[in-house]
Amino acid sequence: MTGPAGERCLVVARGRAGVYHRLTVAAPAVAATARAGQFVEVRPAADQSLLLRRAFSVHAADAAAGTVEVVFDVVGPGTRALAGVGPGDTVDVLGPFGRPFAPPTPPAGNGGGPPAPQTGSRGGPPACLLVGGGYGTAPLFLLAGDLRARGCPVDVLIGASTAARLLEPEACARLGRSLTVTTDDGSTGRRGVVTDPMPELLARARTRQVYACGPMPMLAAVSRTAAAAGVPCQVAVEERMACGTGICFSCVVPVLDGPGEPGGPSSTGTTRMARSCIEGPVFDGAAVAWAELGLAPTGAGVGLAPAAPGLARSVPAARIPGPSGGSTPGREPDPAPDRAGVGERAP
Ligand SMILES: Cc1cc2nc3c(=O)[nH]c(=O)nc-3n(C[C@H](O)[C@H](O)[C@H](O)COP(=O)(O)OP(=O)(O)OC[C@H]3O[C@@H](n4cnc5c(N)ncnc54)[C@H](O)[C@@H]3O)c2cc1C
Ligand code: FES
């Protein structure tokens with residue numbers, strides 16, 4: 001099977017990952033095809049009050065066992081309902097959706113999607129830095145395995161507002177050759193945000209590719225820091241989603257437009273709205289118009305034009321109700337308390 005699959009799945013395990021919840025389901029079709037960076041949409045089968053499934057990054061996929069695992073934080077009715085299911089219950093699972101992380105590649109302008117895979121590399125497999133914020137670390141586990149299988153040296157950098165909100169730091173320590181930890185409050189690791197140690201890490205590890213997932217302010221800052229060091233950066237965004245299939249336009253992200261996109265040079269100076277469910281959730285960090293999200297990178301070398309009147313931009317004509325039933329706002333700042341604390345200081 002190659003396309004997204006819909007399954008009514010048996011919950012085989014439920015547990016905790018620190019403050020987060022872990023859910024393992026028997027979903028053979030999803031497990032067989034899921035790739036790092038993709039997501040699944042899930043809701044409890046018994047809960048008729050939830051109109052829409054909720055999106056979660058694939059944290060683990062075991063094709064042999066036919067199981068898929070997600071980790072999530074309880075922030076509202078959908079995740080609260082999921083936190084209430086247990087082994088023997090059933091959940092509706094749809095996926096895997098979205099474009100996965102692409103293999104490491106040299107810097108290249110891009111119309112929004114992750115860079116096209118490149119075969120071969122000079123000087124051996126490129127070193128990669130994986131940056132995760134809070135539960136945004138979830139998709140980096142699968143990715144680390146893929147990169148190690150390619151022979152890439154992997155360094156991991158994770159951050160959270162406080163120690164309790166780091167996702168599985170002990171397991172993260174086994175993902176690569178080094179782990180660096182930051183917390184906003186200094187309760188463990190280095191006090192500060194994930195971008196603080198990045199320049200030193202990038203130089204020391206001779207990093208050729210950065211991958212990041214976490215709250216939008218963090219992704220903007222990580223993209224800026226990587227670009228300033230001349231290192232390409234792929235980001236997995238967690239923009240709010242409804243349909244997950246490209247129909248509703250609730251998940252749009254502004255990306256720099258370019259001829260021949262995706263993969264072409266971003267030279268027109270205009271932006272367009274990309275649906276992160278089908279063109280993402282993984283984007284080239286240098287192609288996201290962070291300024292239009294109100295997250296304007298200010299550092300040198302990023303090459304993003306500030307938002308300006310008249311930018312070509314196809315704003316979705318209509319919004320449909322968001323996952324919680326209310327209207328889905330446009331460029332809403334990240335309100336989830338666990339995620340807001342993981343970002344960069346005012347970018
Ligand atoms: C591609 C993708 C991958 C994701 N991966 C994970 C994951 O691995 N683990 C996880 O815990 N969550 C993940 N999320 C976020 C998750 O989908 C939301 O937390 C969930 O939909 C909230 O549903 P709810 O009904 O519990 O809360 P709602 O009532 O829908 O929302 C409760 C609060 O959370 C905020 N919120 C909801 N969705 C988002 C979002 N996407 N970004 C920022 N704030 C949001 C709302 O504004 C509100 O303040 C992911 C989202 C996407 C799009
Ligand atoms: S979530 Fe509906 S178009 Fe992306």
# chains A, B, ... in the order shown; residues from 1 in each chain; ligands from 1
>>> residues_near_ligand(ligand="ligand 1", cutoff="8 Å", atoms="only C-alpha atoms and all ligand atoms", output="VMD selection string")
chain A and resid 20 38 to 40 53 to 59 70 to 81 98 135 to 139 215 236 to 241 251 276 to 277 281 322 to 325 332 to 336 339
>>> residues_near_ligand(ligand="ligand 2", cutoff="6 Å", atoms="only C-alpha atoms and all ligand atoms", output="list in words")
Met241, Ala242, Cys243, Gly244, Thr245, Gly246, Ile247, Cys248, Phe249, Ser250, Cys251, Arg275, Ser276 and Cys277 of chain A
>>> write_last_selection(atoms="N, CA, C and O atoms", output="mmCIF file, in the first residue's frame")
data_model
loop_
_atom_site.group_PDB
_atom_site.id
_atom_site.type_symbol
_atom_site.label_atom_id
_atom_site.label_comp_id
_atom_site.auth_asym_id
_atom_site.auth_seq_id
_atom_site.Cartn_x
_atom_site.Cartn_y
_atom_site.Cartn_z
ATOM 1 N N MET A 241 -4.626 21.778 11.875
ATOM 2 C CA MET A 241 -5.186 21.112 10.697
ATOM 3 C C MET A 241 -6.600 20.621 10.972
ATOM 4 O O MET A 241 -6.937 20.298 12.104
ATOM 5 N N ALA A 242 -7.354 20.547 9.902
ATOM 6 C CA ALA A 242 -8.693 19.969 10.023
ATOM 7 C C ALA A 242 -8.799 18.715 9.165
ATOM 8 O O ALA A 242 -8.774 17.605 9.661
ATOM 9 N N CYS A 243 -8.870 18.885 7.828
ATOM 10 C CA CYS A 243 -9.105 17.703 6.992
ATOM 11 C C CYS A 243 -7.859 16.835 6.839
ATOM 12 O O CYS A 243 -7.957 15.618 6.715
ATOM 13 N N GLY A 244 -6.691 17.445 6.806
ATOM 14 C CA GLY A 244 -5.446 16.693 6.651
ATOM 15 C C GLY A 244 -5.211 16.195 5.238
ATOM 16 O O GLY A 244 -4.237 15.497 4.981
ATOM 17 N N THR A 245 -6.078 16.573 4.312
ATOM 18 C CA THR A 245 -5.964 16.017 2.964
ATOM 19 C C THR A 245 -5.911 17.080 1.864
ATOM 20 O O THR A 245 -6.062 16.777 0.697
ATOM 21 N N GLY A 246 -5.770 18.337 2.235
ATOM 22 C CA GLY A 246 -5.623 19.370 1.213
ATOM 23 C C GLY A 246 -6.909 20.037 0.785
ATOM 24 O O GLY A 246 -6.909 20.861 -0.129
ATOM 25 N N ILE A 247 -8.003 19.748 1.449
ATOM 26 C CA ILE A 247 -9.299 20.270 0.994
ATOM 27 C C ILE A 247 -9.683 21.589 1.675
ATOM 28 O O ILE A 247 -10.212 22.488 1.045
ATOM 29 N N CYS A 248 -9.389 21.741 2.957
ATOM 30 C CA CYS A 248 -10.022 22.815 3.725
ATOM 31 C C CYS A 248 -9.195 24.094 3.856
ATOM 32 O O CYS A 248 -9.705 25.133 4.223
ATOM 33 N N PHE A 249 -7.920 24.070 3.556
ATOM 34 C CA PHE A 249 -7.028 25.237 3.654
ATOM 35 C C PHE A 249 -6.903 25.788 5.071
ATOM 36 O O PHE A 249 -6.615 26.948 5.272
ATOM 37 N N SER A 250 -7.115 24.955 6.068
ATOM 38 C CA SER A 250 -6.983 25.460 7.437
ATOM 39 C C SER A 250 -5.532 25.442 7.917
ATOM 40 O O SER A 250 -5.237 25.960 8.979
ATOM 41 N N CYS A 251 -4.646 24.886 7.132
ATOM 42 C CA CYS A 251 -3.291 24.606 7.612
ATOM 43 C C CYS A 251 -2.218 25.367 6.853
ATOM 44 O O CYS A 251 -1.065 24.963 6.851
ATOM 45 N N ARG A 275 -0.313 24.486 1.712
ATOM 46 C CA ARG A 275 -1.048 23.661 2.676
ATOM 47 C C ARG A 275 -0.069 22.699 3.331
ATOM 48 O O ARG A 275 0.505 21.832 2.672
ATOM 49 N N SER A 276 0.104 22.888 4.636
ATOM 50 C CA SER A 276 1.148 22.109 5.299
ATOM 51 C C SER A 276 0.784 20.634 5.408
ATOM 52 O O SER A 276 1.652 19.798 5.602
ATOM 53 N N CYS A 277 -0.499 20.284 5.217
ATOM 54 C CA CYS A 277 -0.842 18.860 5.313
ATOM 55 C C CYS A 277 -0.389 18.082 4.089
ATOM 56 O O CYS A 277 -0.110 16.896 4.188
#
>>> residues_around(residues="Arg204 (chain A)", least_positions_apart="2", cutoff="12 Å", atoms="only C-alpha atoms", output="PyMOL selection string")
chain A and resi 127-129+155+178+197-202+206-208+229
>>> closest_residue(among="A:Arg190, A:Arg165, A:Arg8, A:His21", to="Gly95 (chain A)", atoms="only C-alpha atoms")
A:Arg8
>>> select_by_dssp(residues="region 142-188 of chain A", states="strand (DSSP E)", output="PyMOL selection string")
chain A and resi 154-160+178-183
>>> atom_distance(atom1="CA of Gly145 (chain A)", atom2="CA of Gly192 (chain A)")
27.6 Å
>>> atom_distance(atom1="CA of Leu166 (chain A)", atom2="CA of Arg16 (chain A)")
12.7 Å
>>> residues_around(residues="Thr67 (chain A)", least_positions_apart="6", cutoff="7 Å", atoms="only C-alpha atoms", output="JSON, numbers by chain")
{"A": [24, 25, 26, 27, 28, 31, 61]}
>>> write_last_selection(atoms="N, CA, C and O atoms", output="JSON list (two decimals), in the first residue's frame")
[["chain", "number", "residue", "atom", "x", "y", "z"],
["A", 24, "THR", "N", 0.03, 3.46, 21.54],
["A", 24, "THR", "CA", 0.50, 2.53, 20.52],
["A", 24, "THR", "C", -0.69, 1.78, 19.97],
["A", 24, "THR", "O", -1.48, 1.21, 20.74],
["A", 25, "VAL", "N", -0.85, 1.81, 18.65],
["A", 25, "VAL", "CA", -2.02, 1.17, 18.03],
["A", 25, "VAL", "C", -1.57, 0.16, 16.98],
["A", 25, "VAL", "O", -0.51, 0.31, 16.37],
["A", 26, "ALA", "N", -2.42, -0.86, 16.79],
["A", 26, "ALA", "CA", -2.17, -1.82, 15.72],
["A", 26, "ALA", "C", -2.70, -1.21, 14.43],
["A", 26, "ALA", "O", -3.92, -1.13, 14.22],
["A", 27, "ALA", "N", -1.81, -0.75, 13.58],
["A", 27, "ALA", "CA", -2.19, -0.10, 12.33],
["A", 27, "ALA", "C", -1.21, -0.56, 11.24],
["A", 27, "ALA", "O", -0.33, 0.19, 10.83],
["A", 28, "PRO", "N", -1.37, -1.80, 10.78],
["A", 28, "PRO", "CA", -0.37, -2.39, 9.89],
["A", 28, "PRO", "C", -0.14, -1.59, 8.60],
["A", 28, "PRO", "O", 1.01, -1.44, 8.16],
["A", 31, "ALA", "N", 1.83, 1.48, 9.51],
["A", 31, "ALA", "CA", 3.18, 1.10, 9.96],
["A", 31, "ALA", "C", 4.07, 0.70, 8.78],
["A", 31, "ALA", "O", 5.28, 0.91, 8.79],
["A", 61, "ALA", "N", 7.22, 3.57, 14.25],
["A", 61, "ALA", "CA", 6.44, 2.69, 13.36],
["A", 61, "ALA", "C", 7.20, 1.39, 13.23],
["A", 61, "ALA", "O", 8.37, 1.39, 12.84]]
>>> residues_around(residues="Thr180 (chain A)", least_positions_apart="4", cutoff="8 Å", atoms="only C-alpha atoms", output="NGL selection string")
:A and (156-158 or 189)
>>> closest_residue(among="A:Leu52, A:Ala46, A:Ala160, A:Ala144", to="Arg177 (chain A)", atoms="only C-alpha atoms")
A:Ala144
>>> select_by_dssp(residues="region 113-209 of chain A", states="helix (DSSP H, G or I)", output="list in words")
Gly134, Tyr135, Gly136, Thr137, Leu140, Phe141, Leu142, Leu143, Ala144, Gly145, Asp146, Leu147, Arg148, Ala149, Ala163, Ala164, Arg165, Pro169, Glu170, Ala171, Cys172, Met198, Pro199, Glu200, Leu201, Leu202, Ala203, Arg204 and Ala205 of chain A
>>> closest_residue(among="A:Val91, A:Ala60, A:Ala171, A:Ala220", to="Leu142 (chain A)", atoms="only C-alpha atoms")
A:Ala60
>>> residues_around(residues="Gly285 (chain A)", least_positions_apart="5", cutoff="8 Å", atoms="only C-alpha atoms", output="CSV table (one decimal) with C-alpha atoms, in the first residue's frame")
chain,number,residue,atom,x,y,z
A,219,LEU,CA,11.4,26.8,14.0
A,220,ALA,CA,11.9,30.4,12.8
A,223,SER,CA,16.0,28.3,10.5
A,232,PRO,CA,20.3,23.9,5.1
A,233,CYS,CA,17.5,23.3,7.5
A,234,GLN,CA,14.3,21.3,7.1
A,235,VAL,CA,11.5,22.1,9.5
